[in-house]
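Asker: So here's target-v4.csv, just CSV, C-alpha atoms:
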chain,number,residue,atom,x,y,z
A,27,MET,CA,-138.8,-57.9,267.8
A,28,THR,CA,-135.3,-56.9,268.8
A,29,PHE,CA,-132.7,-59.2,270.3
A,30,ALA,CA,-129.9,-58.2,272.7
A,31,PHE,CA,-127.1,-59.7,270.6
A,32,ARG,CA,-127.9,-57.4,267.6
A,33,SER,CA,-126.3,-54.5,269.3
A,34,LEU,CA,-123.0,-56.5,269.7
A,35,ILE,CA,-122.6,-57.1,265.9
A,36,PRO,CA,-120.8,-54.3,264.0
A,37,LYS,CA,-122.8,-52.3,261.4
A,38,THR,CA,-120.9,-53.7,258.4
A,39,LEU,CA,-121.7,-57.2,259.3
A,40,LYS,CA,-125.3,-56.3,260.0
A,41,THR,CA,-125.8,-55.1,256.5
A,42,ILE,CA,-124.5,-58.4,255.2
A,43,LEU,CA,-125.9,-60.9,257.6
A,44,ILE,CA,-129.5,-59.7,258.2
A,45,PRO,CA,-130.6,-59.6,254.5
A,46,ASN,CA,-129.0,-63.1,254.0
A,47,ALA,CA,-130.8,-64.4,257.0
A,48,GLN,CA,-134.1,-62.9,255.9
A,49,ALA,CA,-133.7,-64.5,252.4
A,50,ALA,CA,-132.9,-67.9,253.9
A,51,ARG,CA,-136.0,-67.6,256.2
A,52,LYS,CA,-138.2,-66.7,253.2
A,53,ALA,CA,-136.8,-69.6,251.1
A,54,ALA,CA,-137.4,-72.0,254.0
A,55,LEU,CA,-141.0,-70.9,254.4
A,56,LYS,CA,-141.9,-70.7,250.7
A,57,GLY,CA,-139.7,-73.5,249.3
A,58,VAL,CA,-137.1,-73.0,246.6
A,59,GLN,CA,-138.6,-75.4,244.0
A,60,SER,CA,-142.2,-74.3,244.1
A,61,LYS,CA,-142.4,-73.5,240.4
A,62,LYS,CA,-140.7,-75.8,237.9
A,63,VAL,CA,-140.6,-74.4,234.3
A,64,LYS,CA,-141.5,-77.0,231.7
A,65,LYS,CA,-139.3,-77.1,228.6
A,66,ILE,CA,-141.2,-76.5,225.4
A,67,ARG,CA,-140.6,-79.2,222.8
A,68,THR,CA,-140.5,-77.9,219.2
A,69,SER,CA,-140.1,-81.3,217.5
A,70,ALA,CA,-141.8,-84.7,217.6
A,71,THR,CA,-138.5,-86.6,217.6
A,72,PHE,CA,-136.5,-87.0,220.8
A,73,ARG,CA,-132.8,-86.2,220.6
A,74,LEU,CA,-130.6,-87.5,223.4
A,75,PRO,CA,-128.8,-84.6,225.0
A,76,LYS,CA,-125.0,-84.4,224.6
A,77,THR,CA,-123.5,-85.2,227.9
A,78,LEU,CA,-120.0,-85.5,229.3
A,79,ARG,CA,-118.0,-88.3,227.8
A,80,LEU,CA,-115.0,-89.2,229.8
A,81,ALA,CA,-111.8,-90.7,228.4
A,82,ARG,CA,-111.3,-94.4,229.1
A,83,THR,CA,-109.1,-95.3,232.0
A,84,PRO,CA,-108.6,-99.1,231.7
A,85,LYS,CA,-107.5,-101.1,234.7
A,86,TYR,CA,-105.3,-103.4,232.5
A,87,GLU,CA,-104.1,-103.6,228.9
A,88,ARG,CA,-106.4,-105.5,226.5
A,89,LYS,CA,-103.4,-106.8,224.5
A,90,ALA,CA,-100.5,-108.6,226.0
A,91,ALA,CA,-97.9,-107.1,223.7
A,92,PRO,CA,-98.0,-104.3,221.1
A,93,ARG,CA,-98.2,-105.4,217.5
A,94,PHE,CA,-95.1,-105.1,215.5
A,95,ALA,CA,-95.0,-103.7,211.9
A,96,LYS,CA,-96.1,-106.5,209.6
A,97,LEU,CA,-94.7,-104.9,206.4
A,98,ASP,CA,-91.0,-104.4,206.9
A,99,GLN,CA,-88.5,-104.5,204.1
A,100,PHE,CA,-88.0,-108.2,204.4
A,101,SER,CA,-91.6,-109.1,204.2
A,102,VAL,CA,-92.4,-106.7,201.4
A,103,LEU,CA,-89.9,-108.2,198.9
A,104,ARG,CA,-90.7,-111.9,198.9
A,105,GLN,CA,-88.3,-113.2,196.2
A,106,PRO,CA,-86.7,-112.1,192.9
A,107,LEU,CA,-88.1,-113.5,189.7
A,108,ASN,CA,-85.5,-115.2,187.6
A,109,THR,CA,-87.4,-116.3,184.5
A,110,GLU,CA,-86.1,-115.6,181.0
A,111,THR,CA,-88.4,-112.6,180.6
A,112,ALA,CA,-87.2,-111.2,183.9
A,113,MET,CA,-83.6,-111.6,182.8
A,114,LYS,CA,-84.4,-109.9,179.5
A,115,ASN,CA,-86.0,-107.0,181.5
A,116,ILE,CA,-82.7,-106.7,183.5
A,117,GLU,CA,-80.6,-106.5,180.4
A,118,ASP,CA,-82.7,-104.5,178.1
A,119,TYR,CA,-84.8,-102.1,180.3
A,120,ASN,CA,-82.6,-101.9,183.5
A,121,THR,CA,-85.6,-103.3,185.5
A,122,LEU,CA,-85.6,-105.8,188.4
A,123,VAL,CA,-88.6,-108.1,188.8
A,124,PHE,CA,-89.7,-109.2,192.3
A,125,LEU,CA,-92.6,-111.1,193.8
A,126,VAL,CA,-93.9,-108.9,196.6
A,127,ASP,CA,-96.5,-109.0,199.4
A,128,VAL,CA,-100.0,-108.3,198.1
A,129,ARG,CA,-100.6,-105.6,200.8
A,130,ALA,CA,-97.5,-103.7,199.8
A,131,ASN,CA,-97.9,-100.5,197.7
A,132,LYS,CA,-95.4,-98.8,195.5
A,133,ARG,CA,-94.0,-96.7,198.3
A,134,HIS,CA,-93.4,-99.8,200.5
A,135,ILE,CA,-91.6,-101.4,197.6
A,136,LYS,CA,-89.5,-98.4,196.9
A,137,ASP,CA,-88.5,-98.1,200.5
A,138,ALA,CA,-87.7,-101.8,200.8
A,139,VAL,CA,-85.4,-101.7,197.7
A,140,LYS,CA,-83.7,-98.6,199.1
A,141,LYS,CA,-83.1,-100.2,202.5
A,142,LEU,CA,-82.0,-103.6,201.3
A,143,TYR,CA,-79.9,-102.8,198.2
A,144,ASP,CA,-79.1,-99.1,198.6
A,145,VAL,CA,-80.6,-98.3,195.2
A,146,ASP,CA,-83.2,-95.6,194.4
A,147,ALA,CA,-86.0,-96.9,192.1
A,148,ALA,CA,-86.9,-94.6,189.2
A,149,LYS,CA,-90.3,-96.1,188.6
A,150,ILE,CA,-92.3,-99.1,189.9
A,151,ASN,CA,-95.1,-100.9,188.1
A,152,THR,CA,-97.1,-103.6,189.9
A,153,LEU,CA,-99.6,-106.2,188.9
A,154,ILE,CA,-101.4,-109.0,190.6
A,155,ARG,CA,-101.0,-112.3,188.8
A,156,PRO,CA,-104.0,-114.7,188.3
A,157,ASP,CA,-102.6,-116.9,191.1
A,158,GLY,CA,-103.0,-114.0,193.5
A,159,VAL,CA,-99.3,-113.1,193.9
A,160,LYS,CA,-98.2,-109.4,193.3
A,161,LYS,CA,-95.4,-108.8,191.0
A,162,ALA,CA,-93.3,-105.6,190.9
A,163,TYR,CA,-91.2,-104.2,188.0
A,164,ILE,CA,-88.6,-102.0,189.6
A,165,ARG,CA,-87.0,-99.6,187.0
A,166,LEU,CA,-83.6,-98.4,188.1
A,167,PRO,CA,-82.0,-95.1,187.1
A,168,ALA,CA,-79.7,-95.0,184.1
A,169,ASP,CA,-76.6,-94.5,186.3
A,170,VAL,CA,-77.2,-97.8,188.2
A,171,GLU,CA,-76.8,-101.1,186.4
A,172,ALA,CA,-79.6,-103.6,187.2
A,173,LEU,CA,-77.3,-106.5,186.4
A,174,ASP,CA,-75.0,-105.5,189.3
A,175,VAL,CA,-77.9,-105.2,191.7
A,176,ALA,CA,-79.3,-108.5,190.5
A,177,ASN,CA,-75.9,-110.1,191.1
A,178,LYS,CA,-76.0,-108.7,194.7
A,179,VAL,CA,-79.5,-110.1,195.1
A,180,SER,CA,-78.6,-113.5,193.7
A,181,SER,CA,-75.5,-113.8,195.8
A,182,ALA,CA,-77.5,-113.2,198.9
A,183,LEU,CA,-80.0,-115.8,197.8
A,184,ILE,CA,-77.2,-118.3,197.1
A,185,LEU,CA,-75.7,-117.7,200.5
A,186,PHE,CA,-79.1,-118.2,202.1
A,187,ALA,CA,-79.7,-121.4,200.1
A,188,CYS,CA,-76.2,-122.7,201.1
A,189,ASN,CA,-76.9,-121.9,204.7
A,190,ALA,CA,-80.3,-123.7,204.5
A,191,VAL,CA,-78.7,-126.8,202.9
A,192,TYR,CA,-75.9,-126.7,205.5
A,193,LEU,CA,-78.5,-126.4,208.3
A,194,SER,CA,-80.6,-129.2,207.0
A,195,ARG,CA,-77.5,-131.5,206.9
A,196,ILE,CA,-76.6,-130.6,210.5
A,197,LEU,CA,-80.2,-131.3,211.6
A,198,ALA,CA,-80.2,-134.6,209.7
A,199,ALA,CA,-76.9,-135.6,211.5
A,200,ILE,CA,-78.3,-134.7,214.9
A,201,TYR,CA,-81.6,-136.5,214.5
How would this structure read if it were set down as structure tokens?
Answerer:
Amino acid sequence: MTFAFRSLIPKTLKTILIPNAQAARKAALKGVQSKKVKKIRTSATFRLPKTLRLARTPKYERKAAPRFAKLDQFSVLRQPLNTETAMKNIEDYNTLVFLVDVRANKRHIKDAVKKLYDVDAAKINTLIRPDGVKKAYIRLPADVEALDVANKVSSALILFACNAVYLSRILAAIY
């Protein structure tokens, strides 16, 4: 069965088109999915196949604002301890005693002392008191006097206390 348009097609195209057309005709007559191979299972347990997991693309943020760092230097060091034993530690062992946040570790405490008072800590010992408050013994190097640093700390506290009293007087006068 020869058609008239076959003579019009160049020979290079004939070699490409005719076998492709014959393969398409054969697939249409026979069907492409005539035999389906069944997978052999080797285990009684079914394992879910690993499929594509796309990264999430949310339409909106789930949090209104990003959380800020909870443990900055001001929240790590709560307050200095000014008991008699703490004063004895300052004089005898060159050691400052602070009440600190329970979540703070020794690195947090060391960084907070460095940022607030410009002093490197030689060693830090911590303990948690029976009332649940963490106490830190901050040993300073021999070239730094703990008494000078304690005076700097106490002067800041006195200034803060004076400001608080002044503020409370102003508020009492207003209201």
Asker: CA of Glu117 in chain A to CA of Val102 in chain A: how many Å, to one decimal?
Answerer: 24.1 Å
Asker: Extract, using only C-alpha atoms, all DNA, RNA and protein residues at most 8 Å from Tyr143 in chain A, discarding same-chain residues fewer than 5 positions from it, and format them as a list in words.
Answerer: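 The residues that qualify are Val175, Lys178 and Val179 of chain A.
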Asker: For a test of reading the model, state the distance in Å between CA of Val139 in chain A and CA of Val159 in chain A, rounded to one decimal.
Answerer: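 Going from CA of Val139 in chain A over to CA of Val159 in chain A covers 18.4 Å.
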Asker: Pick out the closest residue to Asn120 in chain A from this set: A:Ala90, A:Ala176, A:Leu97, A:Ala49. Count all atoms listed in the file.
Answerer: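 The shortest atom-to-atom distance to Asn120 in chain A comes from A:Ala176.
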Asker: Using only C-alpha atoms for the distances, tell me which of A:Thr77, A:Val63, A:Val128, A:His134 is nearest to Arg155 in chain A.
Answerer: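 For Arg155 in chain A, the nearest of the candidates is A:Val128.
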Asker: Counting all atoms listed in the file, give me one row per residue of range 115-153 of chain A with an atom at most 9 Å from an atom of range 103-110 of chain A, showing the shortest contact pair and its distance in Å to one decimal, sorted by chain then residue number, as CSV.
Answerer:
residue,atom,partner,partner_atom,distance
A:Asn115,CA,A:Glu110,CA,8.6
A:Leu122,CA,A:Pro106,CA,7.8
A:Val123,CA,A:Leu107,CA,5.5
A:Phe124,CA,A:Pro106,CA,4.2
A:Leu125,CA,A:Gln105,CA,5.4
A:Val126,CA,A:Leu103,CA,4.7
A:Asp127,CA,A:Arg104,CA,6.5
A:Ala130,CA,A:Leu103,CA,8.9
A:Ile135,CA,A:Leu103,CA,7.1
A:Ala138,CA,A:Leu103,CA,7.0
A:Val139,CA,A:Leu103,CA,8.0
Asker: Could you check how far CA of Ile150 in chain A sits from CA of Arg165 in chain A, in Å to one decimal?
Answerer: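 Rounded to one decimal, the two atoms are 6.1 Å apart.
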